[in-house]
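Below: run-v8.txt (compact mmCIF, C-alpha atoms)
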```txt
# COMPACT_ATOMS: atom_id res chain seq x y z
CA MET A 1 12.40 -20.22 6.06
CA ASN A 2 16.13 -20.14 5.55
CA ALA A 3 17.04 -16.62 4.43
CA ALA A 4 19.94 -17.77 2.26
CA THR A 5 18.36 -20.76 0.49
CA LEU A 6 14.61 -19.99 0.90
CA GLU A 7 14.17 -23.61 1.99
CA THR A 8 11.43 -24.32 4.48
CA GLU A 9 12.84 -24.90 7.96
CA GLY A 10 9.51 -25.81 9.52
CA TYR A 11 6.42 -24.47 11.14
CA THR A 12 6.43 -22.58 14.40
CA SER A 13 3.46 -21.66 16.54
CA PHE A 14 5.59 -19.09 18.41
CA ASN A 15 5.16 -21.13 21.61
CA GLY A 16 1.42 -21.43 21.08
CA LYS A 17 0.87 -17.71 20.42
CA ASN A 18 0.10 -18.28 16.72
CA ASP A 19 -3.18 -19.97 17.48
CA GLY A 20 -5.46 -18.73 14.70
CA GLN A 21 -6.27 -19.30 11.07
CA THR A 22 -5.02 -16.00 9.64
CA PHE A 23 -1.61 -14.41 9.36
CA THR A 24 -0.26 -11.51 7.35
CA ALA A 25 1.46 -12.45 4.11
CA HIS A 26 4.59 -10.46 4.94
CA PRO A 27 5.85 -10.65 8.55
CA LYS A 28 8.84 -8.41 9.15
CA VAL A 29 12.24 -9.44 10.47
CA ARG A 30 14.56 -6.86 11.97
CA PRO A 31 17.93 -8.63 12.16
CA GLU A 32 19.64 -5.80 14.05
CA GLU A 33 17.20 -6.34 16.93
CA ARG A 34 16.65 -10.08 16.37
CA GLN A 35 12.98 -9.13 16.26
CA HIS A 36 9.99 -10.56 14.38
CA ASP A 37 7.00 -8.30 13.80
CA ARG A 38 3.83 -9.97 12.61
CA LEU A 39 0.14 -9.34 12.27
CA ARG A 40 -2.88 -11.57 12.58
CA TYR A 41 -6.26 -10.35 11.42
CA ALA A 42 -9.51 -12.03 12.48
CA SER A 43 -7.75 -12.95 15.71
CA SER A 44 -10.98 -13.81 17.54
CA GLY A 45 -12.16 -16.07 14.71
CA LEU A 46 -12.98 -15.85 11.04
CA CYS A 47 -14.94 -12.77 9.98
CA THR A 48 -14.15 -10.85 13.19
CA ARG A 49 -12.71 -7.33 13.28
CA THR A 50 -10.05 -8.09 15.88
CA ALA A 51 -6.39 -7.94 14.95
CA ARG A 52 -3.23 -8.72 16.87
CA PHE A 53 0.19 -7.16 16.29
CA MET A 54 3.02 -9.20 17.78
CA LYS A 55 6.72 -8.50 18.38
CA SER A 56 9.11 -11.12 19.59
CA PRO A 57 12.48 -12.76 19.20
CA PRO A 58 12.38 -15.62 16.67
CA ARG A 59 10.19 -18.56 17.73
CA ARG A 60 9.39 -17.04 21.12
CA ALA A 61 6.38 -15.40 22.67
CA GLY A 62 6.69 -11.67 23.03
CA ARG A 63 4.63 -8.53 23.29
CA GLU A 64 1.31 -8.19 21.56
CA LEU A 65 -1.25 -5.48 20.94
CA TRP A 66 -4.89 -6.26 20.16
CA PHE A 67 -7.04 -3.78 18.24
CA LYS A 68 -10.28 -3.66 16.25
CA ALA A 69 -10.26 -2.85 12.56
CA PRO A 70 -13.13 -0.65 11.34
CA TYR A 71 -14.44 -3.63 9.35
CA TYR A 72 -13.38 -7.25 8.70
CA CYS A 73 -10.85 -7.29 5.90
CA MET A 74 -7.84 -9.17 4.65
CA MET A 75 -4.83 -7.35 6.11
CA HIS A 76 -2.31 -8.55 3.55
CA ASP A 77 0.66 -6.48 4.73
CA PHE A 78 1.77 -3.75 7.12
CA ALA A 79 4.65 -1.30 7.41
CA ILE A 80 7.06 -0.84 10.29
CA THR A 81 9.41 1.94 11.36
CA GLU A 82 11.58 2.32 14.44
CA GLU A 83 8.68 3.81 16.37
CA TYR A 84 5.47 2.89 14.54
CA ALA A 85 3.56 0.09 12.89
CA LEU A 86 1.20 1.14 10.10
CA PHE A 87 -1.76 -1.09 9.26
CA HIS A 88 -3.31 -0.74 5.81
CA ILE A 89 -7.05 -1.31 5.95
CA VAL A 90 -8.28 -2.07 2.42
CA PRO A 91 -11.90 -3.00 1.72
CA SER A 92 -11.12 -6.51 0.55
CA ILE A 93 -13.79 -7.79 2.87
CA GLY A 94 -15.30 -11.09 3.80
CA SER A 95 -18.40 -12.10 5.71
CA TRP A 96 -20.39 -15.13 6.71
CA GLN A 97 -23.11 -13.93 4.29
CA ARG A 98 -20.63 -14.10 1.38
CA LEU A 99 -19.52 -17.58 2.42
CA ARG A 100 -23.10 -18.85 2.77
CA LYS A 101 -23.84 -17.62 -0.77
CA GLY A 102 -20.85 -19.59 -2.09
CA LEU A 103 -18.94 -16.43 -2.99
CA PRO A 104 -15.16 -16.22 -2.55
CA HIS A 105 -14.12 -15.47 1.01
CA PHE A 106 -12.93 -11.96 0.09
CA GLY A 107 -14.36 -9.41 -2.32
CA PHE A 108 -13.72 -5.71 -2.85
CA ASP A 109 -16.37 -3.33 -1.47
CA THR A 110 -16.02 0.11 -3.08
CA THR A 111 -18.44 1.68 -0.57
CA LEU A 112 -15.89 1.33 2.25
CA ARG A 113 -12.94 3.66 2.83
CA VAL A 114 -9.29 2.70 2.55
CA LEU A 115 -7.64 3.56 5.87
CA ALA A 116 -4.26 3.52 7.54
CA CYS A 117 -4.16 3.21 11.29
```
Could you take the file, read its structure, and then write that structure out as C-alpha cells?
Amino acid sequence: MNAATLETEGYTSFNGKNDGQTFTAHPKVRPEERQHDRLRYASSGLCTRTARFMKSPPRRAGRELWFKAPYYCMMHDFAITEEYALFHIVPSIGSWQRLRKGLPHFGFDTTLRVLAC
C-alpha cells in the first residue's frame, strides 16, 4: 500500500515466506530501520496453535520466530517496542468442530484466559 495515497501497490509473498492463509490485520512498519514486523497465526494450517513472527526489510525474506499459542485464536494485532514484541492472545477461537457445525469460524470463549506473551 502506498503510505501517502493508500492506493494498493500490489501483493507480495515476501519471497515465498508468506505462504499461509492467515496474517495479522496490522503489520508494523518501522521506517527508521526500513523494517517490517508481521505476525501469522495458524502458521501450520487452519485451526493450529502455531504462530510465526517475522522481521524483514520490505518485500524480502528475513528473520522469523515460530511459537505455539496456548490455544488456536485469531491474533488480530500485536505490539512492538525496540526490544520486544507483545502478542495479545484473546479467546476469539475457532475449531474444526465449529466449522463442521456451520458456525462462524471464530467465536468468543469466556472460559479461556486472555494472555499476553
Legend entry - Length of the CA of Ala25 (chain A) to CA of Tyr71 (chain A) vector [Å]: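 Computing the Euclidean distance for CA of Ala25 (chain A) and CA of Tyr71 (chain A) yields 18.9 Å.
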Legend entry - Atomic separation - CA of Ser56 (chain A) relative to CA of Val29 (chain A), Å: 9.8 Å
Legend entry - Residue among A:Arg113, A:Leu103, A:Phe53, A:Arg30 lying closest to Ile89 (chain A), counting all atoms listed in the file: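 Looking at the shortest contact to Ile89 (chain A), the residue is A:Arg113.
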Inset, instruction - Pick out the closest residue to Ala85 (chain A) from this set: A:Leu6, A:Leu115, A:Met1, A:Met54. Count only C-alpha atoms. - result: A:Met54
Legend entry - Residue with smallest distance to Phe106 (chain A) - pool A:Gln21, A:Ser44, A:Gln35, A:Ser92, counting all atoms listed in the file: A:Ser92
Inset, instruction - Could you please determine the separation between CA of His76 (chain A) and CA of Thr22 (chain A) in Å, to one decimal place? - result: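 If I compute the distance from CA of His76 (chain A) to CA of Thr22 (chain A), I get 10.0 Å.
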Legend entry - Nearest residue to Leu99 (chain A) from the set A:Glu33, A:Pro27, A:Arg40, A:Leu46 (distances using only C-alpha atoms):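 For Leu99 (chain A), the nearest of the given residues is A:Leu46.
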Legend entry - Exercise: Trp96 (chain A) partners within 12 Å, all atoms listed in the file, chain neighbours under 6 positions left out, as a ChimeraX atom specification: /A:45-48,72,102-106
Legend entry - For Lys28 (chain A), the nearest of the candidates A:Ala3, A:Ala42, A:Met74, A:Ala79, counting only C-alpha atoms: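 So, comparing all the options, the nearest one is A:Ala79.
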Centre and edge lengths of an axis-aligned box around all listed atoms of region 27-41 of chain A, with 4 Å added on each side, are to be given in Å to one decimal, as JSON.
```
{"center_x": 6.7, "center_y": -8.7, "center_z": 12.7, "size_x": 33.9, "size_y": 13.8, "size_z": 16.4}
```
Legend entry - Selected residue of minimal separation from Glu64 (chain A) among A:Lys101, A:His88, A:His26, A:Arg38, counting all atoms listed in the file: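 Distance minimum relative to Glu64 (chain A) lands on A:Arg38.
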Residues within 7 Å of Thr50 (chain A), all atoms listed in the file, excluding chain neighbours under 2 positions, as a PDB file with C-alpha atoms, in the frame of the given file:
```pdb
ATOM      1  CA  TYR A  41      -6.260 -10.350  11.420  1.00  0.00           C
ATOM      2  CA  ALA A  42      -9.510 -12.030  12.480  1.00  0.00           C
ATOM      3  CA  SER A  43      -7.750 -12.950  15.710  1.00  0.00           C
ATOM      4  CA  SER A  44     -10.980 -13.810  17.540  1.00  0.00           C
ATOM      5  CA  THR A  48     -14.150 -10.850  13.190  1.00  0.00           C
ATOM      6  CA  ARG A  52      -3.230  -8.720  16.870  1.00  0.00           C
ATOM      7  CA  TRP A  66      -4.890  -6.260  20.160  1.00  0.00           C
ATOM      8  CA  PHE A  67      -7.040  -3.780  18.240  1.00  0.00           C
ATOM      9  CA  LYS A  68     -10.280  -3.660  16.250  1.00  0.00           C
ATOM     10  CA  ALA A  69     -10.260  -2.850  12.560  1.00  0.00           C
TER      11      ALA A  69
END
```
